[in-house]
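Listing of run-v8.pdb, PDB, C-alpha atoms and all ligand atoms
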```
ATOM      1  CA  MET A   1       5.073 -16.884   0.093
ATOM      2  CA  VAL A   2       7.470 -14.888  -2.068
ATOM      3  CA  ASN A   3       8.162 -17.916  -4.268
ATOM      4  CA  ALA A   4       4.430 -18.431  -4.673
ATOM      5  CA  TYR A   5       4.036 -14.824  -5.876
ATOM      6  CA  THR A   6       6.978 -15.178  -8.236
ATOM      7  CA  GLU A   7       5.390 -18.298  -9.694
ATOM      8  CA  TRP A   8       1.990 -16.560  -9.931
ATOM      9  CA  SER A   9       3.499 -13.588 -11.750
ATOM     10  CA  LYS A  10       4.661 -15.672 -14.712
ATOM     11  CA  ASN A  11       3.035 -15.164 -18.115
ATOM     12  CA  GLY A  12       0.698 -12.498 -16.747
ATOM     13  CA  LYS A  13      -1.204 -15.076 -14.673
ATOM     14  CA  TYR A  14      -1.443 -12.826 -11.583
ATOM     15  CA  ASP A  15      -2.785  -9.926 -13.643
ATOM     16  CA  GLU A  16      -5.261 -12.197 -15.359
ATOM     17  CA  ASP A  17      -6.528 -13.724 -12.096
ATOM     18  CA  LEU A  18      -6.719 -10.370 -10.318
ATOM     19  CA  ASN A  19      -8.229  -8.411 -13.178
ATOM     20  CA  PRO A  20     -10.425  -5.414 -12.251
ATOM     21  CA  THR A  21     -13.639  -7.474 -12.312
ATOM     22  CA  ARG A  22     -12.277  -9.469  -9.352
ATOM     23  CA  TYR A  23      -9.853  -7.141  -7.599
ATOM     24  CA  ARG A  24     -10.451  -3.402  -7.388
ATOM     25  CA  GLY A  25      -7.726  -2.498  -4.874
ATOM     26  CA  PRO A  26      -5.564  -0.450  -7.271
ATOM     27  CA  VAL A  27      -8.570   1.526  -8.553
ATOM     28  CA  ILE A  28      -9.887   2.175  -5.035
ATOM     29  CA  ALA A  29      -6.471   3.200  -3.699
ATOM     30  CA  THR A  30      -5.825   5.550  -6.612
ATOM     31  CA  GLN A  31      -9.218   7.223  -6.375
ATOM     32  CA  ALA A  32      -8.720   7.700  -2.627
ATOM     33  CA  LEU A  33      -5.320   9.329  -3.150
ATOM     34  CA  ALA A  34      -6.457  11.504  -6.045
ATOM     35  CA  GLU A  35      -8.930  13.269  -3.767
ATOM     36  CA  TYR A  36      -6.028  14.808  -1.873
ATOM     37  CA  PHE A  37      -3.947  16.171  -4.754
ATOM     38  CA  GLU A  38      -4.709  18.557  -7.596
ATOM     39  CA  LYS A  39      -3.854  17.253 -11.068
ATOM     40  CA  SER A  40      -1.133  19.896 -11.430
ATOM     41  CA  GLU A  41       0.825  18.697  -8.381
ATOM     42  CA  ARG A  42       0.515  14.936  -8.876
ATOM     43  CA  SER A  43       3.639  14.436 -10.994
ATOM     44  CA  SER A  44       5.878  15.840  -8.265
ATOM     45  CA  ILE A  45       4.433  13.836  -5.364
ATOM     46  CA  ARG A  46       7.047  11.245  -4.352
ATOM     47  CA  ILE A  47       5.281   7.949  -3.747
ATOM     48  CA  LEU A  48       6.389   4.588  -2.344
ATOM     49  CA  ASP A  49       4.166   1.706  -3.477
ATOM     50  CA  VAL A  50       4.741  -0.920  -0.783
ATOM     51  CA  ALA A  51       3.999  -4.517  -1.855
ATOM     52  CA  ALA A  52       3.858  -3.167  -5.393
ATOM     53  CA  GLY A  53       3.716  -6.663  -6.865
ATOM     54  CA  SER A  54       3.315  -6.689 -10.630
ATOM     55  CA  GLY A  55       2.606  -2.955 -10.667
ATOM     56  CA  LEU A  56      -1.180  -2.843 -11.034
ATOM     57  CA  LEU A  57      -1.353   0.053  -8.577
ATOM     58  CA  GLY A  58       1.493   1.955 -10.226
ATOM     59  CA  GLN A  59      -0.240   1.615 -13.567
ATOM     60  CA  GLU A  60      -3.455   3.034 -12.139
ATOM     61  CA  LEU A  61      -1.643   5.866 -10.352
ATOM     62  CA  ALA A  62       0.117   6.826 -13.575
ATOM     63  CA  LYS A  63      -3.244   7.124 -15.361
ATOM     64  CA  PHE A  64      -4.192   9.743 -12.772
ATOM     65  CA  GLY A  65      -0.969  11.708 -13.263
ATOM     66  CA  PHE A  66       1.091  10.342 -10.349
ATOM     67  CA  THR A  67       4.387   9.642 -12.067
ATOM     68  CA  ASN A  68       7.049   9.799  -9.366
ATOM     69  CA  ILE A  69       6.641   6.316  -7.881
ATOM     70  CA  ASP A  70       9.063   3.784  -6.402
ATOM     71  CA  ALA A  71       8.073   0.129  -6.103
ATOM     72  CA  LEU A  72       8.968  -2.092  -3.149
ATOM     73  CA  ASP A  73       8.279  -5.823  -3.092
ATOM     74  CA  PRO A  74      10.198  -8.916  -1.926
ATOM     75  CA  SER A  75       9.219 -10.975  -5.002
ATOM     76  CA  GLU A  76      11.681 -10.567  -7.855
ATOM     77  CA  GLY A  77       9.243 -12.162 -10.293
ATOM     78  CA  MET A  78       6.482  -9.718  -9.418
ATOM     79  CA  LEU A  79       8.889  -6.776  -9.722
ATOM     80  CA  ASP A  80      10.053  -8.038 -13.120
ATOM     81  CA  GLU A  81       6.457  -7.648 -14.275
ATOM     82  CA  ALA A  82       6.250  -4.201 -12.672
ATOM     83  CA  VAL A  83       9.359  -3.074 -14.603
ATOM     84  CA  LYS A  84       7.569  -3.758 -17.898
ATOM     85  CA  ARG A  85       4.900  -1.167 -17.118
ATOM     86  CA  ASN A  86       7.364   1.726 -17.291
ATOM     87  CA  VAL A  87       5.642   3.645 -14.538
ATOM     88  CA  TYR A  88       8.130   3.275 -11.673
ATOM     89  CA  THR A  89      11.328   5.220 -11.069
ATOM     90  CA  LYS A  90      13.063   2.814  -8.701
ATOM     91  CA  PHE A  91      12.676  -0.818  -7.635
ATOM     92  CA  ILE A  92      13.420  -2.008  -4.119
ATOM     93  CA  CYS A  93      13.402  -5.787  -3.792
ATOM     94  CA  GLN A  94      12.883  -6.357  -0.086
ATOM     95  CA  TYR A  95      10.339  -7.086   2.614
ATOM     96  CA  PHE A  96       8.754  -4.145   4.356
ATOM     97  CA  ASP A  97       8.784  -4.370   8.134
ATOM     98  CA  ASN A  98       9.575  -2.263  11.148
ATOM     99  CA  ASN A  99      13.323  -2.614  10.465
ATOM    100  CA  SER A 100      13.237  -1.525   6.831
ATOM    101  CA  ASP A 101      16.247   0.662   6.089
ATOM    102  CA  ILE A 102      14.397   3.335   4.110
ATOM    103  CA  PRO A 103      15.450   6.739   5.482
ATOM    104  CA  CYS A 104      12.908   8.782   7.392
ATOM    105  CA  ASP A 105      11.064  11.599   5.596
ATOM    106  CA  SER A 106      11.767  10.023   2.184
ATOM    107  CA  TYR A 107       8.301  10.141   0.633
ATOM    108  CA  ASP A 108       5.213  12.344   0.388
ATOM    109  CA  VAL A 109       2.985   9.286   0.158
ATOM    110  CA  LEU A 110       3.265   5.625   1.088
ATOM    111  CA  ILE A 111       0.529   3.550  -0.469
ATOM    112  CA  ILE A 112      -0.472  -0.110  -0.142
ATOM    113  CA  SER A 113      -3.069  -2.092  -2.003
ATOM    114  CA  GLY A 114      -3.380  -5.780  -1.263
ATOM    115  CA  GLY A 115      -0.128  -5.947   0.699
ATOM    116  CA  MET A 116      -1.795  -6.540   4.045
ATOM    117  CA  GLY A 117      -2.637 -10.219   4.520
ATOM    118  CA  GLU A 118      -1.696 -13.300   6.515
ATOM    119  CA  GLY A 119       2.130 -13.499   6.508
ATOM    120  CA  HIS A 120       2.463 -10.309   4.460
ATOM    121  CA  ILE A 121       3.281  -6.805   5.781
ATOM    122  CA  PRO A 122       3.549  -6.985   9.582
ATOM    123  CA  GLY A 123       1.055  -4.942  11.605
ATOM    124  CA  ASN A 124       3.745  -3.287  13.711
ATOM    125  CA  SER A 125       5.345  -1.815  10.585
ATOM    126  CA  ILE A 126       2.835   1.046  10.637
ATOM    127  CA  GLU A 127       5.419   2.783  12.857
ATOM    128  CA  LYS A 128       7.943   2.570  10.014
ATOM    129  CA  MET A 129       5.339   3.775   7.497
ATOM    130  CA  GLN A 130       4.825   6.897   9.590
ATOM    131  CA  GLU A 131       8.593   7.435   9.843
ATOM    132  CA  ILE A 132       9.430   7.373   6.176
ATOM    133  CA  VAL A 133       6.646   9.738   5.145
ATOM    134  CA  LYS A 134       7.304  13.461   5.427
ATOM    135  CA  GLU A 135       5.352  15.643   7.815
ATOM    136  CA  GLY A 136       2.063  16.535   6.114
ATOM    137  CA  GLY A 137       2.278  13.499   3.829
ATOM    138  CA  LEU A 138      -0.116  10.564   3.623
ATOM    139  CA  VAL A 139      -0.139   6.845   4.329
ATOM    140  CA  VAL A 140      -2.875   5.100   2.337
ATOM    141  CA  ILE A 141      -3.705   1.465   3.077
ATOM    142  CA  VAL A 142      -6.326  -0.524   1.200
ATOM    143  CA  MET A 143      -6.973  -4.011   2.529
ATOM    144  CA  ARG A 144      -9.583  -6.679   3.000
ATOM    145  CA  LYS A 145     -11.785  -5.724   5.950
ATOM    146  CA  GLU A 146     -12.251  -9.241   7.304
ATOM    147  CA  TYR A 147      -8.490  -9.567   7.940
ATOM    148  CA  LEU A 148      -8.938  -7.374  10.989
ATOM    149  CA  THR A 149     -11.013 -10.120  12.566
ATOM    150  CA  TYR A 150      -9.005 -13.259  11.843
ATOM    151  CA  VAL A 151      -5.423 -12.337  10.966
ATOM    152  CA  GLU A 152      -3.828 -12.465  14.417
ATOM    153  CA  ASP A 153      -1.263  -9.793  13.591
ATOM    154  CA  TYR A 154      -3.931  -7.295  12.486
ATOM    155  CA  LYS A 155      -6.437  -7.704  15.315
ATOM    156  CA  ASP A 156      -4.982  -4.659  17.052
ATOM    157  CA  LEU A 157      -4.219  -2.681  13.879
ATOM    158  CA  ILE A 158      -6.890  -0.031  14.498
ATOM    159  CA  PRO A 159      -6.039   0.358  18.222
ATOM    160  CA  ARG A 160      -2.367   0.771  17.205
ATOM    161  CA  MET A 161      -3.317   3.421  14.645
ATOM    162  CA  LYS A 162      -5.412   5.208  17.255
ATOM    163  CA  GLN A 163      -2.569   5.076  19.770
ATOM    164  CA  MET A 164      -0.310   6.729  17.196
ATOM    165  CA  GLU A 165      -2.965   9.376  16.700
ATOM    166  CA  GLU A 166      -3.056   9.978  20.456
ATOM    167  CA  ASP A 167       0.733  10.258  20.396
ATOM    168  CA  ASN A 168       0.309  12.957  17.753
ATOM    169  CA  LYS A 169       2.254  10.967  15.146
ATOM    170  CA  TRP A 170      -0.532  11.094  12.600
ATOM    171  CA  LYS A 171      -4.164  11.964  12.169
ATOM    172  CA  ILE A 172      -6.596   9.317  10.930
ATOM    173  CA  LEU A 173      -8.316  11.245   8.142
ATOM    174  CA  SER A 174     -10.452   8.324   7.066
ATOM    175  CA  CYS A 175     -11.175   4.663   7.769
ATOM    176  CA  LYS A 176     -13.829   3.803   5.244
ATOM    177  CA  THR A 177     -15.487   0.515   4.299
ATOM    178  CA  VAL A 178     -15.844  -0.076   0.561
ATOM    179  CA  GLU A 179     -17.908  -2.720  -1.202
ATOM    180  CA  GLY A 180     -16.515  -5.043  -3.882
ATOM    181  CA  TYR A 181     -12.862  -4.637  -2.975
ATOM    182  CA  SER A 182     -11.732  -8.126  -3.877
ATOM    183  CA  PHE A 183     -13.767 -11.167  -4.894
ATOM    184  CA  ASN A 184     -16.858  -9.298  -3.687
ATOM    185  CA  LYS A 185     -15.417  -8.901  -0.195
ATOM    186  CA  GLN A 186     -15.490  -5.575   1.597
ATOM    187  CA  GLY A 187     -12.360  -3.491   1.765
ATOM    188  CA  LEU A 188     -11.087  -0.895   4.183
ATOM    189  CA  VAL A 189      -9.408   2.312   3.109
ATOM    190  CA  PHE A 190      -7.210   4.024   5.686
ATOM    191  CA  ILE A 191      -5.891   7.514   5.056
ATOM    192  CA  LEU A 192      -3.426   8.721   7.665
ATOM    193  CA  LYS A 193      -1.850  12.155   7.639
ATOM    194  CA  VAL A 194       1.631  12.280   9.136
ATOM    195  CA  LEU A 195       2.024  15.009  11.742
ATOM    196  CA  GLN A 196       5.472  14.436  13.131
ATOM    197  CA  SER A 197       8.857  14.000  11.509
ATOM    198  CA  LYS A 198      11.108  11.281  12.969
ATOM    199  CA  CYS A 199      14.302  12.744  11.448
TER     200      CYS A 199
HETATM  201  C1  LIG B 201      -1.861  -9.491  -3.469
HETATM  202  S1  LIG B 201      -0.293  -8.905  -3.963
HETATM  203  C2  LIG B 201      -0.635  -7.154  -4.198
HETATM  204  C3  LIG B 201       0.240  -6.568  -5.246
HETATM  205  C4  LIG B 201      -0.158  -5.202  -5.750
HETATM  206  N1  LIG B 201      -0.071  -4.187  -4.735
HETATM  207  C5  LIG B 201      -1.539  -5.237  -6.351
HETATM  208  O1  LIG B 201      -2.404  -4.489  -5.881
HETATM  209  O2  LIG B 201      -1.744  -6.017  -7.296
HETATM  210  C6  LIG B 201       0.631  -8.918  -2.458
HETATM  211  C7  LIG B 201       2.092  -8.537  -2.614
HETATM  212  O3  LIG B 201       2.636  -8.334  -1.298
HETATM  213  C8  LIG B 201       3.987  -8.670  -1.337
HETATM  214  N2  LIG B 201       4.462  -8.803   0.055
HETATM  215  C9  LIG B 201       4.246  -9.794   0.915
HETATM  216  N3  LIG B 201       4.843  -9.544   2.107
HETATM  217  C10 LIG B 201       5.438  -8.342   1.982
HETATM  218  C11 LIG B 201       6.214  -7.526   2.858
HETATM  219  N4  LIG B 201       6.497  -7.882   4.112
HETATM  220  N5  LIG B 201       6.671  -6.347   2.383
HETATM  221  C12 LIG B 201       6.385  -5.951   1.130
HETATM  222  N6  LIG B 201       5.661  -6.679   0.267
HETATM  223  C13 LIG B 201       5.188  -7.852   0.686
HETATM  224  C14 LIG B 201       4.010  -9.936  -2.186
HETATM  225  O4  LIG B 201       5.291 -10.235  -2.693
HETATM  226  C15 LIG B 201       2.982  -9.584  -3.266
HETATM  227  O5  LIG B 201       3.606  -9.044  -4.415
END
```
Please, can you express the file's structure as structure tokens?
Amino acid sequence: MVNAYTEWSKNGKYDEDLNPTRYRGPVIATQALAEYFEKSERSSIRILDVAAGSGLLGQELAKFGFTNIDALDPSEGMLDEAVKRNVYTKFICQYFDNNSDIPCDSYDVLIISGGMGEGHIPGNSIEKMQEIVKEGGLVVIVMRKEYLTYVEDYKDLIPRMKQMEEDNKWKILSCKTVEGYSFNKQGLVFILKVLQSKC
């Protein structure tokens, strides 16, 4: 999978194929996040873009004034493209899962656009997402809605999120369906507010 992304990233092919007429994830994710932060505070919000890929989301975030962003992705080729955008502070070339070694309470926001898919970010890693975001911070996930029905690993994603809400780990601020997310498919936007520090 990672090799396929690295191959796809070459010569701007990924960006061309997933241009905003076909894939609106980065725009949707950025607009969702921008609702929670005033323009004046955006540059100081520490953000981790998980499955950052070639940096389409980082580029969009930067347009809205979010300029303190780290990029995580297991594909070196995709990250090489992300570097060229000059919008990220740090690059972490690794998979994200429930064993990721990112320290708890590291970020104000963890954001994902297009990183949830068959064989991509594991469903159980939402526990880790909650851990590495500071109390009061946000986890924003934008993904294709239909994956909840046929990607085995995501079938219990919403029940898991709700269980974490019951355990007082976070509050589900929003779980909204959006039209025209990717190739005219519906998307889902989750906004989760972290309530408990794991540190
Ligand atoms: C469809 S691309 C999305 C990239 C970018 N966020 C965007 O919106 O264009 C999916 C990305 O997920 C990355 N990925 C797959 N599995 C991952 C994992 N376990 N942890 C982090 N990234 C992963 C891939 O390397 C790829 O760059």
Who sits within 8 Å of stretch 188-191 of chain A, all atoms listed in the file, same chain under 2 positions skipped, as a ChimeraX atom specification: /A:29,32,138-145,172-178,186,193
Resulting file, chosen residues, C-alpha atoms, as a PDB file, keeping the file's coordinate frame:
```
ATOM      1  CA  ALA A  29      -6.471   3.200  -3.699  1.00  0.00           C
ATOM      2  CA  ALA A  32      -8.720   7.700  -2.627  1.00  0.00           C
ATOM      3  CA  LEU A 138      -0.116  10.564   3.623  1.00  0.00           C
ATOM      4  CA  VAL A 139      -0.139   6.845   4.329  1.00  0.00           C
ATOM      5  CA  VAL A 140      -2.875   5.100   2.337  1.00  0.00           C
ATOM      6  CA  ILE A 141      -3.705   1.465   3.077  1.00  0.00           C
ATOM      7  CA  VAL A 142      -6.326  -0.524   1.200  1.00  0.00           C
ATOM      8  CA  MET A 143      -6.973  -4.011   2.529  1.00  0.00           C
ATOM      9  CA  ARG A 144      -9.583  -6.679   3.000  1.00  0.00           C
ATOM     10  CA  LYS A 145     -11.785  -5.724   5.950  1.00  0.00           C
ATOM     11  CA  ILE A 172      -6.596   9.317  10.930  1.00  0.00           C
ATOM     12  CA  LEU A 173      -8.316  11.245   8.142  1.00  0.00           C
ATOM     13  CA  SER A 174     -10.452   8.324   7.066  1.00  0.00           C
ATOM     14  CA  CYS A 175     -11.175   4.663   7.769  1.00  0.00           C
ATOM     15  CA  LYS A 176     -13.829   3.803   5.244  1.00  0.00           C
ATOM     16  CA  THR A 177     -15.487   0.515   4.299  1.00  0.00           C
ATOM     17  CA  VAL A 178     -15.844  -0.076   0.561  1.00  0.00           C
ATOM     18  CA  GLN A 186     -15.490  -5.575   1.597  1.00  0.00           C
ATOM     19  CA  LYS A 193      -1.850  12.155   7.639  1.00  0.00           C
TER      20      LYS A 193
END
```
Shell around stretch 82-96 of chain A at 12 Å using only C-alpha atoms, local window under 5 positions removed, as a count of residues only: 59
Residues in the PyMOL selection byres (((chain A and resi 155) around 12) and not hetatm), expressed as a ChimeraX atom specification: /A:117-118,122-124,145-154,156-161
For stretch 5-8 of chain A, take all atoms listed in the file, fit an axis-aligned box around them, add 3 Å to each of the six sides, then output centre and edge lengths in Å rounded to one decimal, as lines of an AutoDock Vina configuration file.
```
center_x = 4.5
center_y = -16.6
center_z = -7.9
size_x = 11.0
size_y = 9.5
size_z = 10.1
```
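With atom O3 of ligand LIG 201 (chain B) on one side and atom CA of A:Gly114 on the other, the separation reads 6.5 Å.
Minimum distance to ligand LIG 201 (chain B) across A:Asn99, A:Thr21, A:Ser113, A:Gln31 (counting only C-alpha atoms and all ligand atoms) occurs at A:Ser113.
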Target residues per the PyMOL selection byres (((chain A and resi 107) around 6) and not hetatm), formatted as a PyMOL selection string: chain A and resi 46-47+105-106+108-109+133-134
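Interatomic distance, atom N1 of ligand LIG 201 (chain B) to atom CA of A:Gln196: 26.4 Å.
Candidate residues A:Asn168, A:Ser40, A:Asn184, A:Asn19 were compared for distance to ligand LIG 201 (chain B), and the nearest is A:Asn19, using all atoms listed in the file.
Separating atom CA of A:Asn11 from atom CA of A:Asp97 is a distance of 29.0 Å.
With all atoms listed in the file as the basis for measurement, A:Met78 is the residue among A:Met78, A:Glu35, A:Glu41, A:Lys185 that approaches ligand LIG 201 (chain B) most closely.
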